[in-house]
Amino acid sequence: MAAMALVEVAVAATNTKKPAASALFAAAMALPLLSMTSAPAEAGSAPEQATMGFKYLNYRDYQSDSKRMKIEEPLIWLDAPIMSDLELQATIVTDTISGASPVYMNTLAHGISDRRKSIDVTLTKFFDQFSLGGGAAVSHERDFLSRSANIETRIDLNQKNTTLAAGISLEQDEVGSTIDPSLHKNRNVHDLMLGVTQILNPNALIQSNLALSWGNGYYSDPYKAQDFRPNSRQQASWLVRYVQFSPSLNGALHGDYRYYINDWGTHAHTFDFSWYQNVGESWKVIPELRYYVQNKADFYKGEYPPPAFSNQYYSSDARLSNFGAITTALKVVKTFASGWQADVKYEYYRQSSALSWGNGSPGVEDFHAKALTLGISRSF
Amino acid sequence: MIRKVVLLLIIGLFLSACAPVKPWERGNLARPEMSLEPDPIGAGLKNHIYSSKEAASGGYGVGGGGCGCN
Amino acid sequence: MGSACEIQAWLPQEIPDDVLAEIAQEAHRLEAKYSRYREDSVISRINQAAGHEPVEVDGETAALLDFAAVGWEQSGGLFDITSGILRRAWDFKSGHLPSQQQIDTLLPLIGWDQVQWHAPSIFLPQPLMEIDFGGVVKEYAVDRVAGLCLSRGLRHGLVNLGGDVHAFGPQLDGSPWMIGVQRPRGEGCRAAIPLLRGALATSGDYERFMDVDGVRYCHILNPRTGWPCAEWQSVSVITPQCIVAGLASTVGMLKPRDEASEWLRALDFPHLLLGDNVTHSHRLQPSDA
């Protein structure tokens, strides 16, 4: 800190063109003033306080008004500083799935009742102008095991107005089947992410991330009578996120656009907008609107049984079809002076081939879902 | 395909020619609602559900486990 | 800090006891570390070593010294932390002016440009030289406490130490704090300045002074001449940090009458200058108190 301040003063002393006010402010900013937490664009620093929280998600989906799948997902999380320059983040999740997947063409009707347990841990070290983090995660359910590890770095440039981020992750999955105990397949996925965040002005910032993914291994769905997918998949996503604060309205607009493409022939667009409205000094009301559209994978065929040439890739999984989806959601957050915070979010999601651009895949029934998320946390 | 996307990222870098915002002007940027992800845990849950119902995924950050949804 | 002053925090919401305890602790810490009156303080150590050897200082002190250096530079030498020794000549309780001779013996010992400051060590080359953080620590403490409140999640409140204030958030209903500016002569407030967020510091010739033969001599002394300022009766300045506001208001008092506003305007700091029957304001809407 002192060395930086010295440089500032040296610059101020030798550069008479530098406005006096900024020289004074620069010197004042070098003081350990414990002021605001870092602006979001920065590589940042370890948080001042530790926070622990609990979240509960209750999700239900429906197809033509009949209930299909239900997920109950409680989780606990922790975000804590260790000494002045390390941050530890950990999440433990268990989810219970029951009911059935939306039934399409050829799903082998089977009741699902499964539990998933997962844990992930990340440790980040903060240096003056950059940060370095590493993490690992494990997710386990009866027919699936996933293990992954990742590292990420964030670098501040341009007086912390610009931040570059880069990350790599490696994932190893083991796929099984509850209806075919002899199935043991693997796949591994390598991910690379590059991102840049830029502060545009005192009230706005923008982020642009590019994510590339290379996967090899088993991708087919063991619960479908006929499902034969390629044994590799490459994906790319380009995400742009924009945040704008309005002092007069006392709220912030978040707008995301993501373009996704993979080598199975699917590309997708995601538009996600939220408005964070401050109400009084301790409440926030956040409506959200999301529109998603994708086109089908090359080997998707909305017909069953599959065509005669059985050495071609084939899937009639609706998740690979042409469709669009709209989400409307509302979240309310209340912050208490003692460090407690509580939040409630209700979401309604509707997926339909009628919502897609161009021709929706025929014969695929719409489905809709409702989700309620409750959260509570404490900082200390 | 990859080339088109990389070009768009590079365009993003040119934005750093914007006038730098001084540390003492950052009050509003430090507000919790100005964080790019004010609720990372909630976002993780949301993305997990979406990637099990939709083909697209990714872009938000590295890490996190995979999911058994095919 | 010398004077019997209490750090007050106007915190309109319920504050946990541990935050209040931290505030008190922080005020005491700074007092102990930088008090001229305590032999074990950092300032005393530096002053006792004057003329003998350099003293190594910690990061916080280094940043304060750097700030003082920039302040000296930007004020044309009017803000000078080596000018504290003038108190040996000026005794405001006595009612007597010092002799020019007394002042002349002190002047050669004053001048930040003489100080050898190369982080982390500082050396005062002449044995009787002194540095005094009196013009900086009070305002720094205000900023520290404001920062402490912010880091504990508080979003409304005003920290007040002897008239130097830092509002780290508006009042609970979002309205600004109304800060009263004292009448330089007589009782009560002459104006009220609305402050939503930021710091306001006031320097006046009525804090420590003596009137001799109808002329006011106050405690704000020019480091070049050794004599008090006599231009404006009070100067109030608003900036995001109290430590900068404090420096600006002191320098505003020391600059020649017409130059004060010019200098503050060049910095674009909202300010209020009060004279006998004159009020001059820039980017402020003071209401009559």
# chains A, B, ... in the order shown; residues from 1 in each chain; ligands from 1

$ residues_around --residues "Ile43 in chain C" --least-positions-apart "6" --cutoff "9 Å" --atoms "only C-alpha atoms" --output "number ranges by chain"
C: 33-36, 130-133

$ write_last_selection --atoms "C-alpha atoms" --output "short mmCIF file (atom, residue, chain, number, x, y, z; two decimals), in the first residue's frame"
data_model
loop_
_atom_site.label_atom_id
_atom_site.label_comp_id
_atom_site.auth_asym_id
_atom_site.auth_seq_id
_atom_site.Cartn_x
_atom_site.Cartn_y
_atom_site.Cartn_z
CA LYS C 33 -0.85 6.28 18.11
CA TYR C 34 -0.66 9.90 17.02
CA SER C 35 -1.01 12.00 20.13
CA ARG C 36 1.65 14.58 20.73
CA GLU C 130 8.60 18.40 14.96
CA ILE C 131 5.82 16.92 12.92
CA ASP C 132 2.29 17.24 14.15
CA PHE C 133 -0.66 15.28 12.83
#

$ closest_atom_pairs --of "chain C" --to "chain A" --cutoff "9 Å" --atoms "only C-alpha atoms" --output "CSV"
residue,atom,partner,partner_atom,distance
C:Gln13,CA,A:Ala337,CA,7.7
C:Glu14,CA,A:Ala337,CA,7.1
C:Ile15,CA,A:Ala337,CA,7.6
C:Pro16,CA,A:Ser338,CA,7.0
C:Asp58,CA,A:Ala2,CA,8.8
C:Gly59,CA,A:Ala2,CA,5.7
C:Glu60,CA,A:Pro32,CA,6.6
C:Thr61,CA,A:Leu31,CA,9.0
C:Ala62,CA,A:Ala2,CA,6.0
C:Ala63,CA,A:Leu31,CA,5.4
C:Leu64,CA,A:Leu31,CA,6.8
C:Asp66,CA,A:Leu6,CA,6.7
C:Phe67,CA,A:Ala27,CA,5.1
C:Ala68,CA,A:Ala27,CA,8.7
C:Ala69,CA,A:Val9,CA,7.6
C:Val70,CA,A:Val9,CA,6.2
C:Gly71,CA,A:Leu24,CA,6.7
C:Glu73,CA,A:Ala13,CA,7.2
C:Gln74,CA,A:Ala20,CA,6.0
C:Ser75,CA,A:Ala20,CA,8.9
C:His118,CA,A:Leu6,CA,8.6
C:Ala119,CA,A:Ala2,CA,7.2
C:Pro120,CA,A:Ala2,CA,8.0
C:Tyr140,CA,A:Leu33,CA,8.3
C:Asp143,CA,A:Leu33,CA,6.5
C:Arg144,CA,A:Leu33,CA,5.3
C:Val145,CA,A:Leu33,CA,8.6
C:Ala146,CA,A:Ser35,CA,7.8
C:Gly147,CA,A:Ser35,CA,4.4
C:Leu148,CA,A:Leu34,CA,6.1
C:Cys149,CA,A:Ser35,CA,8.9
C:Leu150,CA,A:Met36,CA,6.6
C:Ser151,CA,A:Met36,CA,6.6
C:Arg152,CA,A:Gln49,CA,8.2
C:Gly153,CA,A:Ala337,CA,7.3
C:Leu154,CA,A:Ala337,CA,7.1
C:Arg155,CA,A:Glu281,CA,8.0
C:His156,CA,A:Glu281,CA,8.9
C:Leu172,CA,A:Glu281,CA,7.3
C:Asp173,CA,A:Gly280,CA,7.6
C:Gly174,CA,A:Glu281,CA,8.2
C:Pro240,CA,A:Phe25,CA,8.7
C:Gln241,CA,A:Ala28,CA,7.5
C:Ile243,CA,A:Ala28,CA,7.3
C:Val244,CA,A:Leu24,CA,6.8
C:Ala266,CA,A:Ala20,CA,8.2
C:Leu267,CA,A:Ala21,CA,5.2
C:Asp268,CA,A:Ala21,CA,7.9
C:Phe269,CA,A:Ala21,CA,8.5

$ write_last_selection --atoms "C-alpha atoms" --output "PDB file, in the first residue's frame"
ATOM      1  CA  GLN C  13     -30.819   2.338  12.953  1.00  0.00           C
ATOM      2  CA  GLU C  14     -30.247  -0.177  15.693  1.00  0.00           C
ATOM      3  CA  ILE C  15     -26.556  -0.742  16.087  1.00  0.00           C
ATOM      4  CA  PRO C  16     -25.121  -3.901  17.583  1.00  0.00           C
ATOM      5  CA  ASP C  58       4.296   1.419   9.594  1.00  0.00           C
ATOM      6  CA  GLY C  59       2.002   1.396   6.560  1.00  0.00           C
ATOM      7  CA  GLU C  60      -0.736   3.539   8.015  1.00  0.00           C
ATOM      8  CA  THR C  61       1.672   6.269   9.147  1.00  0.00           C
ATOM      9  CA  ALA C  62       3.432   6.093   5.795  1.00  0.00           C
ATOM     10  CA  ALA C  63       0.159   6.668   3.959  1.00  0.00           C
ATOM     11  CA  LEU C  64      -0.623   9.635   6.230  1.00  0.00           C
ATOM     12  CA  ASP C  66       2.327  10.650   1.862  1.00  0.00           C
ATOM     13  CA  PHE C  67      -0.975  12.436   2.170  1.00  0.00           C
ATOM     14  CA  ALA C  68       0.679  15.288   4.045  1.00  0.00           C
ATOM     15  CA  ALA C  69       3.320  15.481   1.321  1.00  0.00           C
ATOM     16  CA  VAL C  70       0.731  15.788  -1.423  1.00  0.00           C
ATOM     17  CA  GLY C  71      -1.177  18.311   0.694  1.00  0.00           C
ATOM     18  CA  GLU C  73       2.562  20.255  -2.658  1.00  0.00           C
ATOM     19  CA  GLN C  74      -0.994  21.054  -3.727  1.00  0.00           C
ATOM     20  CA  SER C  75      -1.497  23.914  -1.276  1.00  0.00           C
ATOM     21  CA  HIS C 118      11.457   8.036   1.935  1.00  0.00           C
ATOM     22  CA  ALA C 119       9.054   5.290   2.879  1.00  0.00           C
ATOM     23  CA  PRO C 120       9.326   3.668   5.303  1.00  0.00           C
ATOM     24  CA  TYR C 140      -8.740  10.683   9.391  1.00  0.00           C
ATOM     25  CA  ASP C 143     -13.136   8.673   7.789  1.00  0.00           C
ATOM     26  CA  ARG C 144     -11.967   5.489   9.541  1.00  0.00           C
ATOM     27  CA  VAL C 145     -15.113   5.271  11.652  1.00  0.00           C
ATOM     28  CA  ALA C 146     -17.305   5.956   8.617  1.00  0.00           C
ATOM     29  CA  GLY C 147     -15.514   3.187   6.737  1.00  0.00           C
ATOM     30  CA  LEU C 148     -15.934   0.873   9.707  1.00  0.00           C
ATOM     31  CA  CYS C 149     -19.684   1.470   9.752  1.00  0.00           C
ATOM     32  CA  LEU C 150     -19.922   0.799   6.016  1.00  0.00           C
ATOM     33  CA  SER C 151     -17.934  -2.389   6.275  1.00  0.00           C
ATOM     34  CA  ARG C 152     -20.286  -3.621   9.016  1.00  0.00           C
ATOM     35  CA  GLY C 153     -23.190  -3.212   6.611  1.00  0.00           C
ATOM     36  CA  LEU C 154     -24.589   0.051   7.975  1.00  0.00           C
ATOM     37  CA  ARG C 155     -26.032   2.258   5.265  1.00  0.00           C
ATOM     38  CA  HIS C 156     -27.243   5.310   7.202  1.00  0.00           C
ATOM     39  CA  LEU C 172     -33.256   6.577   7.129  1.00  0.00           C
ATOM     40  CA  ASP C 173     -35.831   8.157   4.866  1.00  0.00           C
ATOM     41  CA  GLY C 174     -33.206   9.023   2.290  1.00  0.00           C
ATOM     42  CA  PRO C 240     -15.859  12.498  -0.359  1.00  0.00           C
ATOM     43  CA  GLN C 241     -13.274  12.106   2.424  1.00  0.00           C
ATOM     44  CA  ILE C 243      -9.274  14.136   5.530  1.00  0.00           C
ATOM     45  CA  VAL C 244      -9.343  15.990   2.197  1.00  0.00           C
ATOM     46  CA  ALA C 266     -10.175  24.914  -9.311  1.00  0.00           C
ATOM     47  CA  LEU C 267     -10.551  21.770  -7.218  1.00  0.00           C
ATOM     48  CA  ASP C 268     -14.305  21.931  -7.792  1.00  0.00           C
ATOM     49  CA  PHE C 269     -15.036  21.362  -4.094  1.00  0.00           C
TER      50      PHE C 269
END

$ select_by_dssp --residues "range 184-253 of chain C" --states "helix (DSSP H, G or I)" --output "PyMOL selection string"
chain C and resi 242-253

$ select_by_dssp --residues "range 91-235 of chain C" --states "strand (DSSP E or B)" --output "count of residues only"
49

$ closest_residue --among "A:Leu183, A:Leu205, A:Val279, A:Leu86" --to "chain B" --atoms "only C-alpha atoms"
A:Leu205

$ atom_distance --atom1 "CA of Asp80 in chain C" --atom2 "CA of Pro108 in chain C"
13.4 Å

$ residues_around --residues "Lys93 in chain C" --least-positions-apart "3" --cutoff "10 Å" --atoms "only C-alpha atoms" --output "PyMOL selection string"
chain C and resi 90+96+208-210
